[in-house]
Each structure stands twice: as structure tokens, then as C-alpha cells.
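Have a look at protein11.tsv; it's TSV, C-alpha atoms:
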```
chain	number	residue	atom	x	y	z
E	86	MET	CA	35.05	23.17	-34.75
E	87	ASP	CA	34.48	26.91	-34.17
E	88	TYR	CA	31.32	27.38	-32.07
E	89	VAL	CA	31.76	31.14	-31.63
E	90	LEU	CA	29.47	32.21	-34.49
E	91	PRO	CA	26.48	29.95	-33.68
E	92	ILE	CA	26.78	30.83	-29.97
E	93	THR	CA	26.78	34.52	-30.81
E	94	VAL	CA	23.81	34.22	-33.16
E	95	GLY	CA	21.92	32.17	-30.58
E	96	PHE	CA	22.65	34.71	-27.86
E	97	ILE	CA	21.52	37.62	-30.02
E	98	PHE	CA	18.33	35.77	-31.01
E	99	LEU	CA	17.52	34.91	-27.38
E	100	ALA	CA	18.17	38.47	-26.19
E	101	ALA	CA	16.06	39.90	-29.00
E	102	LEU	CA	13.27	37.45	-28.18
E	103	VAL	CA	13.32	38.43	-24.51
E	104	GLY	CA	13.48	42.13	-25.38
E	105	THR	CA	10.51	41.90	-27.72
E	106	PHE	CA	8.46	39.91	-25.22
E	107	VAL	CA	9.18	42.33	-22.37
E	108	SER	CA	8.52	45.46	-24.45
E	109	ARG	CA	5.19	44.09	-25.70
E	110	ARG	CA	4.05	43.08	-22.22
E	111	THR	CA	5.12	46.16	-20.30
E	112	ARG	CA	2.46	48.79	-19.62
E	113	ASP	CA	3.04	52.28	-18.32
E	114	ARG	CA	2.51	52.33	-14.55
E	115	CYS	CA	0.63	55.64	-14.53
E	116	LEU	CA	-1.80	54.55	-17.22
E	117	ARG	CA	-2.14	51.08	-15.71
E	118	ASP	CA	-3.52	52.57	-12.49
E	119	PHE	CA	-6.55	53.86	-14.44
E	120	GLU	CA	-7.39	50.49	-15.98
E	121	GLY	CA	-10.92	49.30	-15.23
E	122	PHE	CA	-12.06	52.82	-14.25
E	123	GLN	CA	-14.43	55.14	-16.09
E	124	THR	CA	-11.95	57.48	-17.75
E	125	THR	CA	-12.16	60.60	-19.89
E	126	VAL	CA	-9.44	60.98	-22.52
E	127	GLU	CA	-8.70	64.38	-24.02
E	128	LEU	CA	-7.39	64.45	-27.59
E	129	PRO	CA	-6.08	67.48	-29.53
E	130	GLY	CA	-8.71	69.92	-30.75
E	131	ASN	CA	-10.67	69.86	-27.47
E	132	LYS	CA	-12.03	66.40	-28.31
E	133	PHE	CA	-13.12	64.22	-25.37
E	134	LEU	CA	-13.78	60.48	-25.25
E	135	TRP	CA	-14.96	58.44	-22.30
E	136	GLY	CA	-15.45	54.82	-21.38
E	137	LEU	CA	-14.05	51.96	-19.33
E	138	LEU	CA	-10.30	52.01	-19.83
E	139	GLU	CA	-8.18	49.05	-20.89
E	140	VAL	CA	-4.42	49.62	-21.05
E	141	PHE	CA	-2.12	47.85	-23.49
E	142	PRO	CA	1.56	48.43	-24.21
E	143	LYS	CA	1.65	51.67	-26.23
E	144	SER	CA	-2.12	51.74	-26.83
E	145	LEU	CA	-5.43	52.31	-25.03
E	146	HIS	CA	-8.92	50.86	-25.43
E	147	LEU	CA	-12.06	52.71	-24.27
E	148	VAL	CA	-15.14	50.50	-23.95
E	149	TYR	CA	-18.45	52.37	-24.08
E	150	GLY	CA	-21.09	51.64	-21.47
E	151	ARG	CA	-23.72	51.61	-24.23
E	152	PRO	CA	-23.26	51.12	-27.98
E	153	HIS	CA	-23.18	54.42	-29.88
E	154	GLN	CA	-24.75	54.96	-33.27
E	155	ASP	CA	-22.95	57.51	-35.42
E	156	ALA	CA	-24.44	59.82	-38.04
E	157	GLU	CA	-24.00	57.17	-40.74
E	158	GLY	CA	-25.85	54.52	-38.76
E	159	HIS	CA	-22.84	52.48	-37.63
E	160	VAL	CA	-23.11	50.98	-34.14
E	161	GLU	CA	-19.86	51.50	-32.25
E	162	THR	CA	-18.93	49.83	-28.95
E	163	SER	CA	-15.41	51.10	-28.26
E	164	TYR	CA	-12.62	53.46	-29.29
E	165	LEU	CA	-9.04	52.39	-30.06
E	166	ILE	CA	-6.14	54.75	-29.32
E	167	LEU	CA	-3.12	53.28	-31.05
E	168	THR	CA	0.57	54.16	-30.72
E	169	ASP	CA	0.65	57.25	-32.95
E	170	GLU	CA	-2.49	58.74	-31.42
E	171	LEU	CA	-1.39	57.90	-27.86
E	172	ALA	CA	1.65	60.11	-28.41
E	173	LYS	CA	-0.73	63.03	-29.01
E	174	VAL	CA	-3.11	62.48	-26.07
E	175	VAL	CA	-3.51	65.69	-24.04
E	176	GLY	CA	-4.40	63.89	-20.81
E	177	LEU	CA	-6.58	61.38	-18.96
E	178	ARG	CA	-9.09	62.24	-16.23
E	179	ARG	CA	-10.68	59.92	-13.70
E	180	TYR	CA	-13.57	61.94	-12.28
E	181	HIS	CA	-14.50	60.93	-8.75
E	182	ASP	CA	-18.20	61.61	-9.30
E	183	GLU	CA	-18.28	59.08	-12.16
E	184	LEU	CA	-16.91	56.14	-10.16
E	185	THR	CA	-19.06	53.35	-8.84
E	186	ALA	CA	-18.91	52.54	-5.13
E	187	LYS	CA	-16.74	49.50	-5.94
E	188	ASN	CA	-14.25	51.53	-7.95
E	189	GLN	CA	-14.19	54.28	-5.34
E	190	GLU	CA	-13.10	51.71	-2.76
E	191	ARG	CA	-10.58	50.26	-5.20
E	192	ARG	CA	-9.12	53.73	-5.72
E	193	ARG	CA	-8.87	54.30	-1.96
E	194	ARG	CA	-7.04	50.98	-1.48
E	195	ASP	CA	-4.53	51.94	-4.15
E	196	ILE	CA	-3.94	55.30	-2.47
E	197	ARG	CA	-3.45	53.62	0.93
E	198	ARG	CA	-0.83	51.32	-0.60
E	199	THR	CA	1.00	54.38	-1.93
E	200	HIS	CA	0.76	56.25	1.38
E	201	LYS	CA	1.81	53.25	3.47
E	202	PRO	CA	3.70	50.91	1.13
E	203	SER	CA	4.46	47.37	2.24
E	204	LEU	CA	8.02	46.15	2.63
E	205	MET	CA	7.77	44.34	-0.70
E	206	ARG	CA	6.41	47.43	-2.47
E	207	ARG	CA	9.21	49.60	-1.08
E	208	GLY	CA	11.73	46.98	-2.11
E	209	ARG	CA	10.41	46.84	-5.66
E	210	ARG	CA	10.59	50.61	-6.01
E	211	LYS	CA	14.15	50.76	-4.68
E	212	ALA	CA	15.19	47.97	-7.03
E	213	ARG	CA	13.56	49.73	-9.97
E	214	ASN	CA	15.26	53.01	-9.10
E	215	PHE	CA	18.58	51.21	-8.76
E	216	VAL	CA	18.19	49.70	-12.23
E	217	ASN	CA	17.26	53.11	-13.64
E	218	THR	CA	20.30	54.73	-12.10
E	219	PHE	CA	22.68	52.21	-13.60
E	220	ARG	CA	20.68	51.16	-16.66
E	221	ASP	CA	23.44	52.02	-19.14
E	222	ALA	CA	25.96	50.00	-17.14
E	223	PHE	CA	23.63	47.01	-17.09
E	224	ALA	CA	23.07	47.26	-20.82
E	225	GLN	CA	26.80	47.50	-21.52
E	226	SER	CA	27.44	44.47	-19.34
E	227	LEU	CA	25.54	42.31	-21.81
E	228	GLY	CA	28.07	43.23	-24.43
E	229	ALA	CA	30.90	42.60	-22.01
E	230	ALA	CA	29.58	39.08	-21.50
E	231	MET	CA	30.73	38.38	-25.05
E	232	ALA	CA	34.22	39.78	-24.45
E	233	GLN	CA	35.82	36.40	-24.39
E	234	ALA	CA	34.02	35.34	-27.54
E	235	LYS	CA	35.24	38.42	-29.36
E	236	LYS	CA	38.68	36.89	-29.55
E	237	GLY	CA	37.21	34.42	-31.99
E	238	GLY	CA	37.05	36.84	-34.90
E	239	SER	CA	35.67	39.99	-36.46
E	240	THR	CA	32.25	38.43	-37.11
E	241	VAL	CA	31.54	38.31	-33.41
E	242	MET	CA	33.02	41.74	-32.78
E	243	ALA	CA	30.62	43.18	-35.33
E	244	GLN	CA	27.72	42.11	-33.11
E	245	ASP	CA	28.84	44.16	-30.10
E	246	LYS	CA	26.77	47.24	-30.95
E	247	GLN	CA	23.69	45.12	-31.62
E	248	ILE	CA	24.10	43.24	-28.35
E	249	THR	CA	24.37	46.51	-26.43
E	250	GLN	CA	21.20	47.87	-28.13
E	251	ILE	CA	19.30	44.71	-27.23
E	252	GLY	CA	20.46	45.08	-23.64
E	253	GLN	CA	19.17	48.64	-23.55
E	254	THR	CA	15.81	47.44	-24.90
E	255	VAL	CA	15.50	44.73	-22.25
E	256	ILE	CA	16.49	47.04	-19.39
E	257	GLY	CA	14.52	50.01	-20.74
E	258	SER	CA	11.31	48.00	-21.03
E	259	SER	CA	11.14	47.49	-17.27
E	260	ALA	CA	12.78	50.74	-16.20
E	261	ASN	CA	11.61	54.32	-16.38
E	262	ALA	CA	13.15	57.76	-16.10
E	263	PHE	CA	14.43	58.19	-12.56
E	264	GLU	CA	14.14	61.65	-10.99
E	265	PRO	CA	15.61	61.85	-7.47
E	266	LEU	CA	13.81	65.15	-6.80
E	267	LEU	CA	10.43	63.79	-7.86
E	268	GLU	CA	11.01	60.75	-5.62
E	269	ARG	CA	11.09	63.15	-2.68
E	270	TYR	CA	7.58	64.39	-3.60
E	271	ILE	CA	5.87	61.03	-4.07
E	272	ASP	CA	2.63	61.10	-1.99
E	273	ARG	CA	3.01	64.84	-1.38
E	274	ARG	CA	1.17	67.84	-2.79
E	275	VAL	CA	2.66	69.48	-5.85
E	276	VAL	CA	1.61	71.90	-8.57
E	277	ALA	CA	2.11	70.80	-12.17
E	278	GLU	CA	2.06	73.32	-15.00
E	279	GLU	CA	1.05	73.03	-18.63
E	280	LEU	CA	1.40	75.62	-21.40
E	281	ARG	CA	-1.97	75.56	-23.15
E	282	ASP	CA	-3.00	78.02	-25.85
E	283	GLY	CA	-0.24	80.39	-24.79
E	284	GLU	CA	-1.25	80.41	-21.11
E	285	TRP	CA	0.07	78.43	-18.16
E	286	VAL	CA	-2.50	76.13	-16.56
E	287	GLU	CA	-1.86	74.83	-13.05
E	288	TYR	CA	-2.88	71.42	-11.68
E	289	PRO	CA	-2.54	71.19	-7.88
E	290	GLY	CA	-2.67	67.60	-6.66
E	291	ILE	CA	-0.86	64.75	-4.93
E	292	LEU	CA	1.99	63.22	-6.92
E	293	LYS	CA	1.29	59.49	-6.91
E	294	GLU	CA	3.60	58.25	-9.66
E	295	TYR	CA	5.68	59.27	-12.63
E	296	THR	CA	7.23	57.42	-15.55
E	297	ALA	CA	9.28	58.40	-18.58
E	298	ASP	CA	6.11	59.53	-20.40
E	299	TRP	CA	3.45	60.33	-17.79
E	300	ILE	CA	2.80	62.06	-14.46
E	301	GLN	CA	-0.09	60.92	-12.24
E	302	LEU	CA	-1.77	63.40	-9.87
E	303	LEU	CA	-4.52	62.59	-7.38
E	304	GLY	CA	-7.32	64.71	-5.96
E	305	CYS	CA	-7.15	67.66	-8.37
E	306	ARG	CA	-9.99	70.16	-8.04
E	307	LEU	CA	-10.84	71.44	-11.49
E	308	ARG	CA	-13.23	74.20	-12.46
E	309	VAL	CA	-14.22	72.78	-15.81
E	310	GLU	CA	-16.64	73.55	-18.62
E	311	GLU	CA	-18.30	70.25	-19.51
E	312	SER	CA	-20.49	69.54	-22.51
E	313	PHE	CA	-23.26	67.00	-21.85
E	314	ASP	CA	-24.64	65.54	-25.06
E	315	PHE	CA	-28.25	64.31	-24.78
E	316	ALA	CA	-27.64	61.99	-27.72
E	317	ASP	CA	-25.21	60.18	-25.38
E	318	PRO	CA	-27.24	59.79	-22.16
E	319	GLU	CA	-24.67	57.45	-20.57
E	320	ARG	CA	-22.44	60.41	-19.68
E	321	LEU	CA	-25.31	62.24	-18.02
E	322	GLU	CA	-26.07	59.25	-15.79
E	323	LEU	CA	-22.47	58.64	-14.80
E	324	ASN	CA	-21.94	61.82	-12.82
E	325	ARG	CA	-23.07	61.85	-9.18
E	326	LYS	CA	-23.53	65.60	-8.84
E	327	LEU	CA	-26.32	66.36	-11.31
E	328	ASP	CA	-29.66	64.87	-12.32
E	329	PHE	CA	-31.39	65.73	-15.58
E	330	ALA	CA	-35.02	65.54	-16.70
E	331	ILE	CA	-36.16	66.25	-20.26
E	332	THR	CA	-39.84	66.99	-20.93
E	333	PHE	CA	-40.82	66.63	-24.57
E	334	ARG	CA	-43.78	68.30	-26.25
E	335	PRO	CA	-44.48	67.27	-29.85
E	336	HIS	CA	-45.40	69.54	-32.73
E	337	ALA	CA	-49.17	69.36	-32.32
E	338	GLU	CA	-49.11	70.85	-28.85
E	339	GLN	CA	-47.03	73.86	-29.84
E	340	GLY	CA	-48.55	74.98	-33.13
E	341	GLY	CA	-46.09	72.99	-35.23
E	342	THR	CA	-42.98	73.94	-33.23
E	343	PRO	CA	-41.27	71.20	-31.16
E	344	SER	CA	-40.42	72.13	-27.60
E	345	LEU	CA	-38.26	70.81	-24.79
E	346	THR	CA	-37.83	71.63	-21.14
E	347	ILE	CA	-34.59	70.62	-19.45
E	348	GLU	CA	-34.37	70.38	-15.67
E	349	VAL	CA	-30.95	70.40	-14.01
E	350	GLU	CA	-30.95	69.38	-10.35
E	351	ASN	CA	-27.75	70.24	-8.46
E	352	HIS	CA	-26.69	67.71	-5.79
E	353	ASP	CA	-23.24	69.22	-5.37
E	354	GLU	CA	-22.06	71.33	-2.45
E	355	GLU	CA	-21.06	74.11	-4.85
E	356	PRO	CA	-23.04	76.06	-7.45
E	357	VAL	CA	-23.25	74.91	-11.06
E	358	ARG	CA	-23.36	77.47	-13.87
E	359	LEU	CA	-25.52	76.71	-16.90
E	360	VAL	CA	-23.51	78.24	-19.75
E	361	ARG	CA	-25.38	77.54	-23.00
E	362	VAL	CA	-27.33	75.07	-25.13
E	363	GLU	CA	-25.90	73.98	-28.48
E	364	ALA	CA	-27.38	72.09	-31.44
E	365	VAL	CA	-27.07	72.06	-35.21
E	366	ASP	CA	-27.31	75.70	-36.36
E	367	TYR	CA	-28.44	76.68	-32.85
E	368	VAL	CA	-26.78	78.33	-29.84
E	369	ARG	CA	-28.58	79.79	-26.86
E	370	GLU	CA	-26.65	81.49	-24.07
E	371	LEU	CA	-27.99	80.78	-20.56
E	372	ASN	CA	-25.54	82.21	-18.02
E	373	THR	CA	-27.64	81.17	-15.06
E	374	GLU	CA	-26.70	79.30	-11.91
E	375	ALA	CA	-28.08	76.41	-9.88
E	376	ALA	CA	-27.22	76.70	-6.21
E	377	PRO	CA	-26.65	73.55	-4.12
E	378	GLY	CA	-29.94	71.65	-3.87
E	379	GLU	CA	-31.60	73.88	-6.48
E	380	THR	CA	-33.27	72.87	-9.76
E	381	GLN	CA	-33.06	75.10	-12.81
E	382	HIS	CA	-35.47	74.87	-15.75
E	383	VAL	CA	-34.48	75.68	-19.32
E	384	GLU	CA	-37.31	76.17	-21.82
E	385	LEU	CA	-36.36	75.49	-25.45
E	386	ALA	CA	-39.27	76.43	-27.69
E	387	ASP	CA	-37.21	77.73	-30.63
E	388	LEU	CA	-35.23	74.63	-31.59
E	389	PRO	CA	-34.75	74.06	-35.33
E	390	ASP	CA	-36.55	71.13	-36.96
E	391	ALA	CA	-33.18	69.55	-37.80
E	392	VAL	CA	-32.73	68.66	-34.12
E	393	PHE	CA	-35.70	66.29	-34.32
E	394	ALA	CA	-35.18	65.07	-37.89
E	395	ALA	CA	-33.80	61.65	-36.92
E	396	LEU	CA	-36.40	61.02	-34.19
E	397	ASP	CA	-39.89	59.56	-34.21
E	398	ALA	CA	-41.83	62.26	-32.40
E	399	ALA	CA	-44.81	59.97	-31.87
E	400	ALA	CA	-42.62	57.46	-30.02
E	401	MET	CA	-41.00	60.02	-27.73
E	402	PRO	CA	-42.10	59.79	-24.08
E	403	ARG	CA	-43.35	62.86	-22.30
E	404	GLU	CA	-40.48	62.75	-19.82
E	405	VAL	CA	-37.02	61.19	-19.68
E	406	VAL	CA	-35.11	61.23	-16.39
E	407	LEU	CA	-31.37	60.68	-16.12
E	408	GLN	CA	-30.32	60.13	-12.52
E	409	ALA	CA	-27.25	58.89	-10.73
E	410	PHE	CA	-27.64	55.22	-9.86
E	411	GLU	CA	-27.85	55.77	-6.10
E	412	ARG	CA	-30.75	58.23	-6.46
E	413	ARG	CA	-33.01	56.04	-8.58
E	414	ASP	CA	-35.73	55.83	-5.98
E	415	SER	CA	-37.76	58.94	-6.78
E	416	GLY	CA	-40.63	57.06	-8.41
E	417	ARG	CA	-39.77	58.26	-11.89
E	418	ASP	CA	-39.29	55.76	-14.71
E	419	VAL	CA	-35.56	55.55	-15.52
E	420	THR	CA	-35.38	51.95	-16.71
E	421	THR	CA	-35.18	52.72	-20.44
E	422	ILE	CA	-33.66	55.63	-22.31
E	423	PRO	CA	-35.07	56.35	-25.78
E	424	ALA	CA	-33.24	58.21	-28.51
E	425	LEU	CA	-32.92	61.87	-27.55
E	426	PRO	CA	-32.35	64.99	-29.64
E	427	ALA	CA	-28.76	65.93	-30.47
E	428	ILE	CA	-28.62	68.78	-27.96
E	429	ARG	CA	-25.55	69.70	-25.90
E	430	LEU	CA	-25.89	71.39	-22.54
E	431	VAL	CA	-22.69	73.16	-21.50
E	432	LEU	CA	-22.14	73.49	-17.75
E	433	GLU	CA	-19.37	74.93	-15.63
E	434	PHE	CA	-18.74	73.40	-12.20
E	435	THR	CA	-16.04	72.10	-9.88
E	436	ARG	CA	-15.04	68.45	-10.20
E	437	GLU	CA	-12.45	66.37	-8.42
E	438	ALA	CA	-10.36	64.16	-10.65
E	439	ASP	CA	-7.20	62.09	-10.81
E	440	LEU	CA	-5.04	63.01	-13.79
E	441	CYS	CA	-2.52	61.33	-16.05
E	442	LEU	CA	-0.63	64.09	-17.88
E	443	PRO	CA	2.08	63.66	-20.53
E	444	ARG	CA	5.56	64.77	-19.52
E	445	ARG	CA	6.16	66.15	-22.99
E	446	THR	CA	3.83	69.07	-22.17
E	447	VAL	CA	3.50	69.07	-18.35
E	448	VAL	CA	6.14	69.67	-15.70
E	449	VAL	CA	5.97	69.44	-11.89
E	450	ARG	CA	6.87	73.00	-10.96
E	451	HIS	CA	6.16	73.53	-7.25
E	452	GLY	CA	5.86	71.70	-3.98
E	453	ALA	CA	2.64	72.71	-2.23
E	454	GLU	CA	1.04	72.74	1.18
E	455	PRO	CA	-2.19	70.79	1.88
E	456	LEU	CA	-5.38	72.81	1.36
E	457	GLU	CA	-7.13	73.86	4.57
```

Take the structure in this file and express it as C-alpha cells.
Amino acid sequence: MDYVLPITVGFIFLAALVGTFVSRRTRDRCLRDFEGFQTTVELPGNKFLWGLLEVFPKSLHLVYGRPHQDAEGHVETSYLILTDELAKVVGLRRYHDELTAKNQERRRRDIRRTHKPSLMRRGRRKARNFVNTFRDAFAQSLGAAMAQAKKGGSTVMAQDKQITQIGQTVIGSSANAFEPLLERYIDRRVVAEELRDGEWVEYPGILKEYTADWIQLLGCRLRVEESFDFADPERLELNRKLDFAITFRPHAEQGGTPSLTIEVENHDEEPVRLVRVEAVDYVRELNTEAAPGETQHVELADLPDAVFAALDAAAMPREVVLQAFERRDSGRDVTTIPALPAIRLVLEFTREADLCLPRRTVVVRHGAEPLE
């Protein structure tokens, strides 16, 4: 009895099964490092999402700290970034000032393991790099394992290409692009570059890891323009550098015109620039600055009625305070946060962040010296 055909079919089925299992269980190492951290994801069109990150093979899941209610009244608790959308992600940011004390310590432990890897960790990396270097040879060897069986007939020989492809899938699922030059710069300062809107943007930071699709940089100092939406107070509370207080005055006290006062208290060691206030059919340029330890007040007495249309003015408190968790001892009531007007306060300030940047648009261009 000729057992060549059933053996071949069984081998192909087993290899395909293993390949599928491995590919659906393998997560990108750069993205995996951000799992469980508060993470900001940038999508095309200058769209930003934030939440607690969960990483799946070829997809991401952002879990909101508080349920969000959209304009149509739907209550949303998370955002799903599936395979097609993940391929378009501009980058991920893990802002240091948004991390809890527990996650800050977790981040430091991870960095220490990278800086001083254990013998097992070094061994795993060398083994992975070895597999990457000879991945094609390993994949071809799976086809060679059937060399003897090929003598049994053309049916088996026809499976050679398929066997080789399965081998590449199995090996490729656990391996990543190997760059000997980038290996030299692991745990060293580099400058990555990205062509954005026709201009080169630089990201100085420490190269922690790279894969076929992503580059991970630590400790990047970014001068960013951030938009804080008062309809989403969770984001305002997450940062550790700024506190906000909103004083509300209903129509009756202002001759029929609603009014708000926004206080921005700067707890950073660098100045924060208040750029503008935005709302529906409303833009007000501010261009003022809050020095370290200073509080700036923004009076908004000319807001359109549409800003308050979805709110119950009678139920609004006189003051809402949004403070970082560690500063909630000022005596102000911060236990509950009511619905707030859909106002965006745009600020420009320096933030430290860890970045995951796609290799399709970002390249490590320079080695760099530590900042003094």
C-alpha cells in the first residue's frame, strides 16, 4: 500500500495548523510593550484616540476610562482598530504624565530589563536573530524533509511549493526583520525621521526595540499642540502637568448670555502656551502663556447658544475641577463630573513620551549623544 499521499497530506495539514495557530497568537513586540498602559493612537487626518491599550495579533483595542456618549446618543466603551486600519496608524504615544504610579514603575522595570538583560533574555534575542538571519534556509528545510517522499510520485512533488510557503509562515510568525546596524543601537540614543506634510520631523529618543513593522523609542521630548475636549473630562484628569477648573454662570446672571471661566494651573517645570478655544461655529485665539506654577484665567462670555444646547443649565454646578489624582487634596469637590459643554482648549507644551512608529513612514537616521 502506498502511504506517500496520506503522509504528505497529513504533514501539510499539521504544518498549516501550526502556522495558523502561531500567526494568530503572535503579537508585535513593540506594540506589546504598550499593553495595559494609557496610550494615545494617532490616525490619519490628525485624529487622536486614547484609552487603555490591549494588543491582539494584527489589531488593537482601546478601552475608555469612562463610557463616551456620541452625538447620536450611543454609549461607547472602547474603540477597535482592526487589521486594515492598523496598517494606516500614524503612531502610538505613551505619555509619561498620563501614567499611574504603578504603570510608571512597570515602565521603569521594563527599561531596566532592556538596559541590563538577563542571560535568558540575551539568549532569546540571539536565538531570534539567528532564526531571522537564516529564516529562508529554515523554511526550505521543511520542503527538503519531504525529499525522500518525492520519489513516490508527482502528486507529492506538486506539494513542494506549498510546504515551503507553510514553512515561511511558521518561521515568519515568530521572527522579525533583522537589522545588524539597528542591533548596535539598541538601548542607545538615536534620531528617527518622518516625512510629514512635506517636512521632515525628527524624534530623538532611545531605541528600545524594532520589528518588521514598528520602531519603539523611549523618552522622546515633544513640543506638541494638544486639544483638550471638555466633553471628555477623562483626558483632562489623566495628565499630571495641568489642572483645570471651569466656573459656570447660567443665562440669568449674564442677561441671557451663558458664560464660562476656565482656569489652567501649570504644574510643569516649563511654560504652557494657551493657543485657542474652539467650539461649534466658534474660535477664539488666546496666545497667552502660563509660567511654571502660574494660573491663567480665560473668560468666555461670547459663546454661542449651541454650545449649551444639549445641557441642562439648571443642573450645572457653579464649579467643576479636574485635577490629577495625586493633587486631589485641595478641598474642592472632584468626586463627580457632570456633562460639560463641547469646548476644546488647545494648548502647546512639552511632553515626554514613548513612541511606537511605523517603519513604513519612519526611519532611524542618526545615532545621537545623550542630552546634557

So which residues fall inside 10 Å of (-31.2, 74.3, -14.4) if we count all atoms listed in the file? Mind giving them as a list in words?
Leu327, Asp328, Phe329, Ala330, Thr346, Ile347, Glu348, Val349, Glu350, Asn351, Val357, Arg358, Leu359, Leu371, Thr373, Glu374, Ala375, Ala376, Glu379, Thr380, Gln381, His382, Val383, Glu384 and Leu432 of chain E

Centre and edge lengths of an axis-aligned box around all listed atoms of stretch 356-362 of chain E, with 5 Å added on each side, are to be given in Å to one decimal, as lines of an AutoDock Vina configuration file.
```
center_x = -25.2
center_y = 76.6
center_z = -16.3
size_x = 14.3
size_y = 13.3
size_z = 27.7
```

Which one of E:Arg273, E:Arg403, E:Arg194, E:Lys132 sits closest to E:Val175 if you count all atoms listed in the file?
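Selected residue with least distance to E:Val175: E:Lys132.
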
Long-range neighbours of E:Glu363 as a PDB file with C-alpha atoms, in the frame of the given file, 9 Å cut-off, all atoms listed in the file, 2 positions minimum in chain:
```pdb
ATOM      1  CA  ARG E 361     -25.380  77.540 -23.000  1.00  0.00           C
ATOM      2  CA  VAL E 365     -27.070  72.060 -35.210  1.00  0.00           C
ATOM      3  CA  ASP E 366     -27.310  75.700 -36.360  1.00  0.00           C
ATOM      4  CA  TYR E 367     -28.440  76.680 -32.850  1.00  0.00           C
ATOM      5  CA  VAL E 368     -26.780  78.330 -29.840  1.00  0.00           C
ATOM      6  CA  ARG E 369     -28.580  79.790 -26.860  1.00  0.00           C
ATOM      7  CA  GLU E 370     -26.650  81.490 -24.070  1.00  0.00           C
ATOM      8  CA  ALA E 427     -28.760  65.930 -30.470  1.00  0.00           C
ATOM      9  CA  ILE E 428     -28.620  68.780 -27.960  1.00  0.00           C
ATOM     10  CA  ARG E 429     -25.550  69.700 -25.900  1.00  0.00           C
ATOM     11  CA  LEU E 430     -25.890  71.390 -22.540  1.00  0.00           C
ATOM     12  CA  VAL E 431     -22.690  73.160 -21.500  1.00  0.00           C
TER      13      VAL E 431
END
```

Counting all atoms listed in the file, the residue of E:Pro129, E:Gly452, E:Gly176, E:Pro142 that sits nearest E:Arg117
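Closest to E:Arg117 of all the choices is E:Pro142.
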
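Pairwise distance (atom CA of E:Thr168, atom CA of E:Phe141) equals 10.0 Å.
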
Atom CA of E:Leu425 to atom CA of E:Phe313: how many Å, to one decimal?
12.3 Å

Between E:Ala277, E:Leu267, E:Leu116, E:Ile196, which is the closest to E:Arg450 once you count only C-alpha atoms?
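Closest candidate: E:Ala277.
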
Could you pull the residues within 7 Å of E:Leu165, counting only C-alpha atoms, minus those fewer than 4 positions along the same chain, as a list in words?
Leu145, His146 and Leu147 of chain E

Dump C-alpha atoms for the selected residues as an mmCIF file, in the frame of the given file?
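Generated file (result.cif):
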```
data_model
loop_
_atom_site.group_PDB
_atom_site.id
_atom_site.type_symbol
_atom_site.label_atom_id
_atom_site.label_comp_id
_atom_site.auth_asym_id
_atom_site.auth_seq_id
_atom_site.Cartn_x
_atom_site.Cartn_y
_atom_site.Cartn_z
ATOM 1 C CA LEU E 145 -5.430 52.310 -25.030
ATOM 2 C CA HIS E 146 -8.920 50.860 -25.430
ATOM 3 C CA LEU E 147 -12.060 52.710 -24.270
#
```

Residues around (-12.0, 58.9, -22.2), cut-off 12 Å, counting all atoms listed in the file - what are they as an MDAnalysis selection string?
chainID E and resid 119:128 132:139 145:150 163:166 174:180 183 320 440:441

Keeping only C-alpha atoms, write those residues as an mmCIF file, keeping the file's coordinate frame.
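Listing of out-v5.cif after writing:
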```cif
data_model
loop_
_atom_site.group_PDB
_atom_site.id
_atom_site.type_symbol
_atom_site.label_atom_id
_atom_site.label_comp_id
_atom_site.auth_asym_id
_atom_site.auth_seq_id
_atom_site.Cartn_x
_atom_site.Cartn_y
_atom_site.Cartn_z
ATOM 1 C CA PHE E 119 -6.550 53.860 -14.440
ATOM 2 C CA GLU E 120 -7.390 50.490 -15.980
ATOM 3 C CA GLY E 121 -10.920 49.300 -15.230
ATOM 4 C CA PHE E 122 -12.060 52.820 -14.250
ATOM 5 C CA GLN E 123 -14.430 55.140 -16.090
ATOM 6 C CA THR E 124 -11.950 57.480 -17.750
ATOM 7 C CA THR E 125 -12.160 60.600 -19.890
ATOM 8 C CA VAL E 126 -9.440 60.980 -22.520
ATOM 9 C CA GLU E 127 -8.700 64.380 -24.020
ATOM 10 C CA LEU E 128 -7.390 64.450 -27.590
ATOM 11 C CA LYS E 132 -12.030 66.400 -28.310
ATOM 12 C CA PHE E 133 -13.120 64.220 -25.370
ATOM 13 C CA LEU E 134 -13.780 60.480 -25.250
ATOM 14 C CA TRP E 135 -14.960 58.440 -22.300
ATOM 15 C CA GLY E 136 -15.450 54.820 -21.380
ATOM 16 C CA LEU E 137 -14.050 51.960 -19.330
ATOM 17 C CA LEU E 138 -10.300 52.010 -19.830
ATOM 18 C CA GLU E 139 -8.180 49.050 -20.890
ATOM 19 C CA LEU E 145 -5.430 52.310 -25.030
ATOM 20 C CA HIS E 146 -8.920 50.860 -25.430
ATOM 21 C CA LEU E 147 -12.060 52.710 -24.270
ATOM 22 C CA VAL E 148 -15.140 50.500 -23.950
ATOM 23 C CA TYR E 149 -18.450 52.370 -24.080
ATOM 24 C CA GLY E 150 -21.090 51.640 -21.470
ATOM 25 C CA SER E 163 -15.410 51.100 -28.260
ATOM 26 C CA TYR E 164 -12.620 53.460 -29.290
ATOM 27 C CA LEU E 165 -9.040 52.390 -30.060
ATOM 28 C CA ILE E 166 -6.140 54.750 -29.320
ATOM 29 C CA VAL E 174 -3.110 62.480 -26.070
ATOM 30 C CA VAL E 175 -3.510 65.690 -24.040
ATOM 31 C CA GLY E 176 -4.400 63.890 -20.810
ATOM 32 C CA LEU E 177 -6.580 61.380 -18.960
ATOM 33 C CA ARG E 178 -9.090 62.240 -16.230
ATOM 34 C CA ARG E 179 -10.680 59.920 -13.700
ATOM 35 C CA TYR E 180 -13.570 61.940 -12.280
ATOM 36 C CA GLU E 183 -18.280 59.080 -12.160
ATOM 37 C CA ARG E 320 -22.440 60.410 -19.680
ATOM 38 C CA LEU E 440 -5.040 63.010 -13.790
ATOM 39 C CA CYS E 441 -2.520 61.330 -16.050
#
```
